[in-house]
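Source file: query-v3.tsv; contents: TSV, C-alpha atoms.
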```tsv
chain	number	residue	atom	x	y	z
A	1	MET	CA	28.12	-20.75	8.34
A	2	LYS	CA	24.37	-20.31	8.48
A	3	THR	CA	22.49	-19.06	5.44
A	4	LEU	CA	20.21	-16.03	5.75
A	5	SER	CA	17.15	-18.31	5.67
A	6	GLN	CA	18.55	-20.43	8.50
A	7	SER	CA	19.43	-17.34	10.53
A	8	MET	CA	15.90	-16.01	10.12
A	9	GLU	CA	14.21	-19.19	11.32
A	10	GLY	CA	11.96	-18.40	14.27
A	11	LEU	CA	12.07	-14.68	13.57
A	12	ASN	CA	8.83	-12.95	14.48
A	13	PRO	CA	6.90	-11.15	11.73
A	14	THR	CA	7.81	-7.49	11.33
A	15	LYS	CA	5.45	-5.24	13.26
A	16	LEU	CA	3.68	-2.98	10.74
A	17	GLU	CA	3.24	0.35	12.48
A	18	TYR	CA	1.50	1.96	9.50
A	19	TYR	CA	-1.34	-0.53	10.05
A	20	GLU	CA	-2.51	1.57	12.97
A	21	ASP	CA	-1.15	5.01	12.04
A	22	VAL	CA	-0.83	5.69	8.31
A	23	TRP	CA	0.65	9.14	8.86
A	24	LYS	CA	3.37	8.15	11.29
A	25	LEU	CA	6.34	9.11	9.11
A	26	GLN	CA	9.08	8.79	11.74
A	27	SER	CA	9.71	5.98	14.19
A	28	LYS	CA	12.41	4.03	16.00
A	29	ALA	CA	13.13	0.33	15.60
A	30	THR	CA	15.78	-2.28	16.37
A	31	LEU	CA	18.08	-3.68	13.68
A	32	LEU	CA	17.79	-7.48	13.39
A	33	PHE	CA	19.73	-8.19	10.17
A	34	PHE	CA	21.93	-6.34	7.71
A	35	PHE	CA	23.00	-8.33	4.67
A	36	LYS	CA	23.91	-8.29	0.99
A	37	GLY	CA	21.57	-10.38	-1.16
A	38	ASP	CA	22.41	-12.61	-4.11
A	39	ASP	CA	21.37	-9.79	-6.43
A	40	GLY	CA	23.94	-7.46	-4.84
A	41	ARG	CA	21.39	-5.33	-3.03
A	42	ARG	CA	21.90	-4.49	0.63
A	43	ALA	CA	18.96	-4.86	2.97
A	44	LEU	CA	17.90	-4.22	6.54
A	45	ILE	CA	15.42	-6.25	8.57
A	46	LEU	CA	13.96	-4.52	11.62
A	47	ASP	CA	11.66	-5.56	14.43
A	48	SER	CA	9.08	-2.96	13.28
A	49	THR	CA	8.57	-0.59	10.37
A	50	ILE	CA	6.53	2.35	9.11
A	51	PHE	CA	7.62	1.64	5.50
A	52	HIS	CA	4.88	0.16	3.32
A	53	PRO	CA	6.25	-2.72	1.20
A	54	GLN	CA	5.21	-3.03	-2.43
A	55	GLY	CA	2.03	-5.09	-2.67
A	56	GLY	CA	-1.72	-4.93	-3.12
A	57	GLY	CA	-1.23	-2.91	-6.27
A	58	GLN	CA	0.60	-0.18	-4.33
A	59	PRO	CA	4.28	0.79	-4.76
A	60	ALA	CA	6.72	0.72	-1.86
A	61	ASP	CA	7.58	3.67	0.32
A	62	THR	CA	11.03	5.22	0.07
A	63	GLY	CA	13.03	7.28	2.56
A	64	PHE	CA	16.01	6.67	4.80
A	65	ILE	CA	17.09	4.88	7.97
A	66	THR	CA	19.82	6.16	10.29
A	67	ILE	CA	21.67	4.59	13.21
A	68	VAL	CA	20.69	6.71	16.18
A	69	ASP	CA	24.14	7.02	17.81
A	70	LEU	CA	26.20	7.22	14.58
A	71	ASN	CA	26.22	9.55	11.59
A	72	LEU	CA	25.21	6.80	9.14
A	73	LYS	CA	22.34	6.93	6.67
A	74	PHE	CA	20.82	4.03	4.74
A	75	THR	CA	18.74	5.24	1.78
A	76	VAL	CA	15.67	3.03	1.27
A	77	GLN	CA	14.95	2.49	-2.44
A	78	ASP	CA	12.58	-0.48	-2.26
A	79	VAL	CA	10.64	-2.40	0.39
A	80	ARG	CA	9.34	-5.97	0.07
A	81	SER	CA	7.61	-8.43	2.36
A	82	LYS	CA	8.06	-12.20	2.45
A	83	ASP	CA	6.43	-14.55	4.95
A	84	GLY	CA	5.64	-11.61	7.21
A	85	ILE	CA	9.23	-10.29	7.23
A	86	VAL	CA	9.81	-6.83	5.71
A	87	PHE	CA	13.04	-6.24	3.75
A	88	HIS	CA	14.29	-2.65	3.34
A	89	TYR	CA	16.56	-2.50	0.25
A	90	GLY	CA	18.94	0.36	-0.48
A	91	PHE	CA	22.47	1.65	0.03
A	92	ILE	CA	24.65	3.30	2.65
A	93	GLU	CA	25.54	6.89	1.83
A	94	GLY	CA	29.21	7.82	1.90
A	95	ALA	CA	31.67	4.93	2.24
A	96	PRO	CA	29.54	1.76	2.30
A	97	GLU	CA	32.35	-0.80	2.60
A	98	GLU	CA	33.81	0.93	5.66
A	99	SER	CA	30.39	1.48	7.26
A	100	GLU	CA	28.80	-1.95	6.88
A	101	SER	CA	30.36	-3.31	10.07
A	102	LYS	CA	28.67	-0.54	12.08
A	103	PHE	CA	25.19	-1.85	11.19
A	104	GLU	CA	25.24	-4.21	14.16
A	105	VAL	CA	22.36	-6.39	15.32
A	106	GLY	CA	20.56	-4.72	18.22
A	107	LYS	CA	21.36	-1.16	17.14
A	108	GLU	CA	18.55	1.37	17.47
A	109	VAL	CA	17.66	3.00	14.16
A	110	LEU	CA	15.50	5.95	13.16
A	111	LEU	CA	13.10	5.51	10.23
A	112	ASN	CA	12.01	8.39	7.99
A	113	VAL	CA	9.41	7.85	5.23
A	114	ASP	CA	9.30	10.17	2.21
A	115	GLU	CA	6.12	12.14	2.92
A	116	SER	CA	5.41	13.29	-0.66
A	117	ARG	CA	5.63	9.73	-2.04
A	118	ARG	CA	3.49	8.33	0.79
A	119	LYS	CA	0.89	11.04	0.16
A	120	LEU	CA	0.75	10.34	-3.59
A	121	ASN	CA	0.56	6.56	-3.12
A	122	SER	CA	-2.17	6.97	-0.49
A	123	ARG	CA	-4.24	9.22	-2.76
A	124	LEU	CA	-3.92	6.78	-5.68
A	125	HIS	CA	-4.84	3.80	-3.52
A	126	SER	CA	-7.79	5.59	-1.92
A	127	ALA	CA	-9.06	6.66	-5.34
A	128	GLY	CA	-9.19	2.99	-6.33
A	129	HIS	CA	-11.38	2.21	-3.32
A	130	LEU	CA	-13.55	5.22	-4.11
A	131	LEU	CA	-14.20	3.82	-7.59
A	132	ASP	CA	-15.34	0.56	-5.98
A	133	ALA	CA	-18.00	2.54	-4.13
A	134	CYS	CA	-18.95	4.45	-7.28
A	135	MET	CA	-19.49	1.19	-9.17
A	136	GLN	CA	-22.24	0.44	-6.66
A	137	HIS	CA	-23.76	3.89	-7.07
A	138	VAL	CA	-23.99	3.80	-10.88
A	139	GLY	CA	-25.83	0.48	-11.09
A	140	LEU	CA	-22.87	-1.90	-11.37
A	141	ALA	CA	-23.19	-3.43	-7.90
A	142	HIS	CA	-23.14	-6.94	-9.40
A	143	MET	CA	-19.50	-6.55	-10.48
A	144	GLU	CA	-16.91	-7.89	-8.06
A	145	PRO	CA	-13.63	-5.99	-7.58
A	146	GLY	CA	-10.56	-7.87	-8.78
A	147	LYS	CA	-7.01	-6.60	-8.86
A	148	GLY	CA	-5.98	-2.97	-8.75
A	149	TYR	CA	-2.92	-1.14	-10.00
A	150	HIS	CA	-2.36	2.03	-8.01
A	151	PHE	CA	0.96	3.21	-9.48
A	152	PRO	CA	1.33	6.74	-10.94
A	153	ASP	CA	2.17	5.46	-14.44
A	154	GLY	CA	-1.29	4.10	-15.19
A	155	PRO	CA	-3.62	3.29	-12.30
A	156	PHE	CA	-6.70	1.14	-12.85
A	157	VAL	CA	-9.17	-1.06	-11.01
A	158	GLU	CA	-10.44	-4.31	-12.49
A	159	TYR	CA	-13.83	-5.96	-11.99
A	160	LYS	CA	-15.28	-9.38	-12.74
A	161	GLY	CA	-18.04	-8.85	-15.27
A	162	THR	CA	-18.55	-6.86	-18.45
A	163	VAL	CA	-20.35	-3.68	-19.46
A	164	PRO	CA	-22.22	-3.61	-22.82
A	165	GLN	CA	-20.19	-1.71	-25.41
A	166	ASN	CA	-23.00	0.78	-25.99
A	167	GLU	CA	-22.97	1.70	-22.27
A	168	LEU	CA	-19.21	2.14	-21.77
A	169	LEU	CA	-19.05	5.87	-22.45
A	170	ARG	CA	-22.13	6.59	-20.34
A	171	LYS	CA	-20.80	4.55	-17.40
A	172	GLN	CA	-17.41	6.21	-17.77
A	173	ASN	CA	-19.00	9.65	-17.43
A	174	GLU	CA	-21.27	8.54	-14.58
A	175	LEU	CA	-18.33	7.11	-12.62
A	176	GLU	CA	-16.31	10.28	-13.01
A	177	LEU	CA	-19.21	12.51	-11.96
A	178	GLU	CA	-20.05	10.32	-8.97
A	179	ALA	CA	-16.41	10.12	-7.83
A	180	ASN	CA	-15.93	13.88	-7.96
A	181	ALA	CA	-19.22	14.44	-6.14
A	182	LEU	CA	-18.00	12.21	-3.31
A	183	ILE	CA	-14.62	13.95	-3.27
A	184	SER	CA	-16.30	17.36	-3.04
A	185	LYS	CA	-18.50	16.13	-0.20
A	186	GLY	CA	-15.56	14.60	1.64
A	187	GLY	CA	-15.74	12.08	4.43
A	188	LYS	CA	-13.50	10.55	7.07
A	189	VAL	CA	-11.43	7.54	6.06
A	190	SER	CA	-11.08	5.04	8.90
A	191	VAL	CA	-8.83	2.00	9.17
A	192	ALA	CA	-9.11	-0.69	11.84
A	193	VAL	CA	-8.18	-4.31	12.51
A	194	LEU	CA	-11.44	-6.00	13.49
A	195	PRO	CA	-12.81	-9.43	14.47
A	196	TYR	CA	-14.13	-11.36	11.46
A	197	GLU	CA	-17.84	-10.93	12.23
A	198	GLU	CA	-17.53	-7.21	12.90
A	199	ALA	CA	-15.44	-6.73	9.77
A	200	ALA	CA	-18.03	-8.58	7.67
A	201	LEU	CA	-20.83	-6.29	8.92
A	202	LEU	CA	-18.77	-3.22	8.04
A	203	CYS	CA	-18.21	-4.61	4.53
A	204	GLY	CA	-21.86	-5.10	3.68
A	205	GLY	CA	-22.43	-8.43	5.40
A	206	CYS	CA	-19.69	-10.63	3.95
A	207	LEU	CA	-15.97	-10.78	3.25
A	208	PRO	CA	-14.04	-12.17	0.25
A	209	GLU	CA	-13.31	-15.90	0.32
A	210	TYR	CA	-9.58	-15.34	0.78
A	211	ILE	CA	-10.24	-13.87	4.26
A	212	SER	CA	-10.21	-16.80	6.69
A	213	LYS	CA	-13.10	-17.11	9.14
A	214	GLY	CA	-11.93	-16.41	12.65
A	215	SER	CA	-9.22	-14.03	11.45
A	216	SER	CA	-9.03	-10.31	12.21
A	217	PRO	CA	-8.75	-8.46	8.89
A	218	ARG	CA	-7.79	-4.82	8.49
A	219	ILE	CA	-10.74	-2.85	7.11
A	220	VAL	CA	-10.69	0.54	5.38
A	221	LYS	CA	-13.90	2.55	5.20
A	222	LEU	CA	-14.32	5.70	3.08
A	223	GLY	CA	-17.01	7.94	4.51
A	224	ASP	CA	-20.46	6.33	4.57
A	225	ASN	CA	-19.55	3.72	1.96
A	226	PRO	CA	-19.18	0.02	2.84
A	227	GLY	CA	-15.73	-0.98	4.03
A	228	CYS	CA	-13.34	-3.45	2.42
A	229	PRO	CA	-10.29	-5.44	3.56
A	230	CYS	CA	-7.00	-3.72	2.67
A	231	GLY	CA	-3.42	-3.61	3.91
A	232	GLY	CA	-2.40	-0.40	2.14
A	233	THR	CA	-2.11	3.26	3.06
A	234	HIS	CA	-4.88	5.81	2.56
A	235	VAL	CA	-5.82	9.46	2.90
A	236	SER	CA	-7.45	10.62	6.12
A	237	ASP	CA	-10.38	12.26	4.26
A	238	ILE	CA	-11.88	11.58	0.83
A	239	SER	CA	-11.44	15.26	-0.10
A	240	GLU	CA	-7.64	14.78	-0.08
A	241	ILE	CA	-7.92	12.86	-3.37
A	242	LEU	CA	-8.66	16.34	-4.86
A	243	SER	CA	-10.23	15.16	-8.12
A	244	LEU	CA	-10.55	12.09	-10.30
A	245	LYS	CA	-10.64	11.56	-14.06
A	246	VAL	CA	-11.85	8.36	-15.75
A	247	PRO	CA	-10.30	8.50	-19.24
A	248	GLN	CA	-11.31	5.01	-20.33
A	249	ILE	CA	-13.18	1.81	-19.50
A	250	ARG	CA	-12.28	-1.44	-21.26
A	251	THR	CA	-14.37	-4.60	-21.11
A	252	LYS	CA	-13.12	-7.94	-22.43
A	253	LYS	CA	-13.27	-11.67	-21.62
A	254	GLY	CA	-15.46	-11.25	-18.58
A	255	LEU	CA	-13.39	-8.45	-17.06
A	256	THR	CA	-13.80	-4.68	-16.98
A	257	LYS	CA	-10.90	-2.28	-16.38
A	258	VAL	CA	-11.56	1.27	-15.20
A	259	PHE	CA	-8.56	3.54	-15.76
A	260	TYR	CA	-8.25	6.67	-13.67
A	261	HIS	CA	-6.06	9.67	-12.86
A	262	ILE	CA	-6.08	11.92	-9.80
A	263	GLY	CA	-5.70	15.69	-9.67
A	264	ILE	CA	-2.48	17.42	-8.69
```

Rewrite the structure of this file - the entire thing - as structure tokens.
Amino acid sequence: MKTLSQSMEGLNPTKLEYYEDVWKLQSKATLLFFFKGDDGRRALILDSTIFHPQGGGQPADTGFITIVDLNLKFTVQDVRSKDGIVFHYGFIEGAPEESESKFEVGKEVLLNVDESRRKLNSRLHSAGHLLDACMQHVGLAHMEPGKGYHFPDGPFVEYKGTVPQNELLRKQNELELEANALISKGGKVSVAVLPYEEAALLCGGCLPEYISKGSSPRIVKLGDNPGCPCGGTHVSDISEILSLKVPQIRTKKGLTKVFYHIGI
């Protein structure tokens, strides 16, 4: 009997529909695999998805998937991506043991993403990008963005470089004021997959080293600010962030963390 890995050999990468339309919260797809993993979790693999997998500092979408011609619902609790293949983890509502055989390869399924969670995650992620722009505006343009954590329990953005201790409080206040000024002004948020050279121009003339030359990165641009490569989900207008609070900035060992909260 083939293992899951052997069965998946030659499988095309999952088409990411949210790449082009962040607010497409319903779609149809074809079931490619239904299996129970070593950890006991059940998972679906589809030919395409609107579910954002956890990654890039952003939590996964949740929601449910139903078989179009049967009254069966698969609740999606977690979504992960590996080697371009998206895994939808969750459980079958009702009688799972009796229903598993009905999740047949080739079945058409209907995907539904939890709108409230998508909206919150998108606002948190967009707020992180907004802070990147604000760092430029408050005289910290020399600091390079590092990792970001855009989860509700304690979002932050990290930068390479330090801020003098006697300037931390002032920069904290300046960042918060600048961010809220941009939110009040608003501005369209655009997302597009672009050729390398065009993407570099949109991002201020260059791209991070991890973006391969000749590739076509996905670029997000908030209003009139420079764009940046990103695979996450975002608001359609800066004003949808509502408000932003910067409660603390920490600087240590060549890194600076800016913690933030968004309004409700």

From A:Asp132, A:Asp69, A:Asp39, A:Glu108, residue lying nearest A:Leu175 [only C-alpha atoms]
A:Asp132

Using all atoms listed in the file, what does the table of stretch 130-234 of chain A residues within 7 Å of stretch 43-61 of chain A look like, with each row giving the shortest atom pair and its distance in Å to one decimal, sorted by chain and ascending number, as CSV?
```
residue,atom,partner,partner_atom,distance
A:Gly148,CA,A:Gly57,CA,5.4
A:Tyr149,CA,A:Gly57,CA,4.5
A:His150,CA,A:Gln58,CA,5.2
A:Phe151,CA,A:Gln58,CA,6.2
A:Gly232,CA,A:Gly56,CA,7.0
```

Kindly list the centre and edge lengths in Å, rounded to one decimal, for the axis-aligned box that covers all listed atoms of stretch 136-147 of chain A plus 5 Å on each of its six sides, as AutoDock Vina command-line options.
```
--center_x -16.4 --center_y -2.0 --center_z -9.0 --size_x 28.8 --size_y 21.8 --size_z 14.7
```

Min atom-atom distance to A:Ala199 from the set A:His125, A:Leu242, A:Ala179, A:Val220, counting all atoms listed in the file, belongs to A:Val220

When you count all atoms listed in the file, which of these residues is closest to A:Val105: A:Ser126, A:Gln136, A:Thr30, A:Thr75?
A:Thr30

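In this model, the gap between atom CA of A:Pro226 and atom CA of A:Asn166 comes to 29.1 Å.
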
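Take atom CA of A:Val163 and atom CA of A:Leu124: the distance between them is 23.9 Å.
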
Smallest atom-to-atom distance to A:Gly223: which of A:Ile264, A:Ala141, A:Ala133, A:Leu255, using only C-alpha atoms?
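Distance minimum relative to A:Gly223 lands on A:Ala133.
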
Point-to-point distance from atom CA of A:Ser99 to atom CA of A:Lys15, Å rounded to tenths:
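Interatomic distance, atom CA of A:Ser99 to atom CA of A:Lys15: 26.5 Å.
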
Of the candidates A:Lys119, A:Arg41, A:Cys228, A:Gly161, which shows the shortest atom-to-atom distance to A:Gly205, using only C-alpha atoms?
A:Cys228
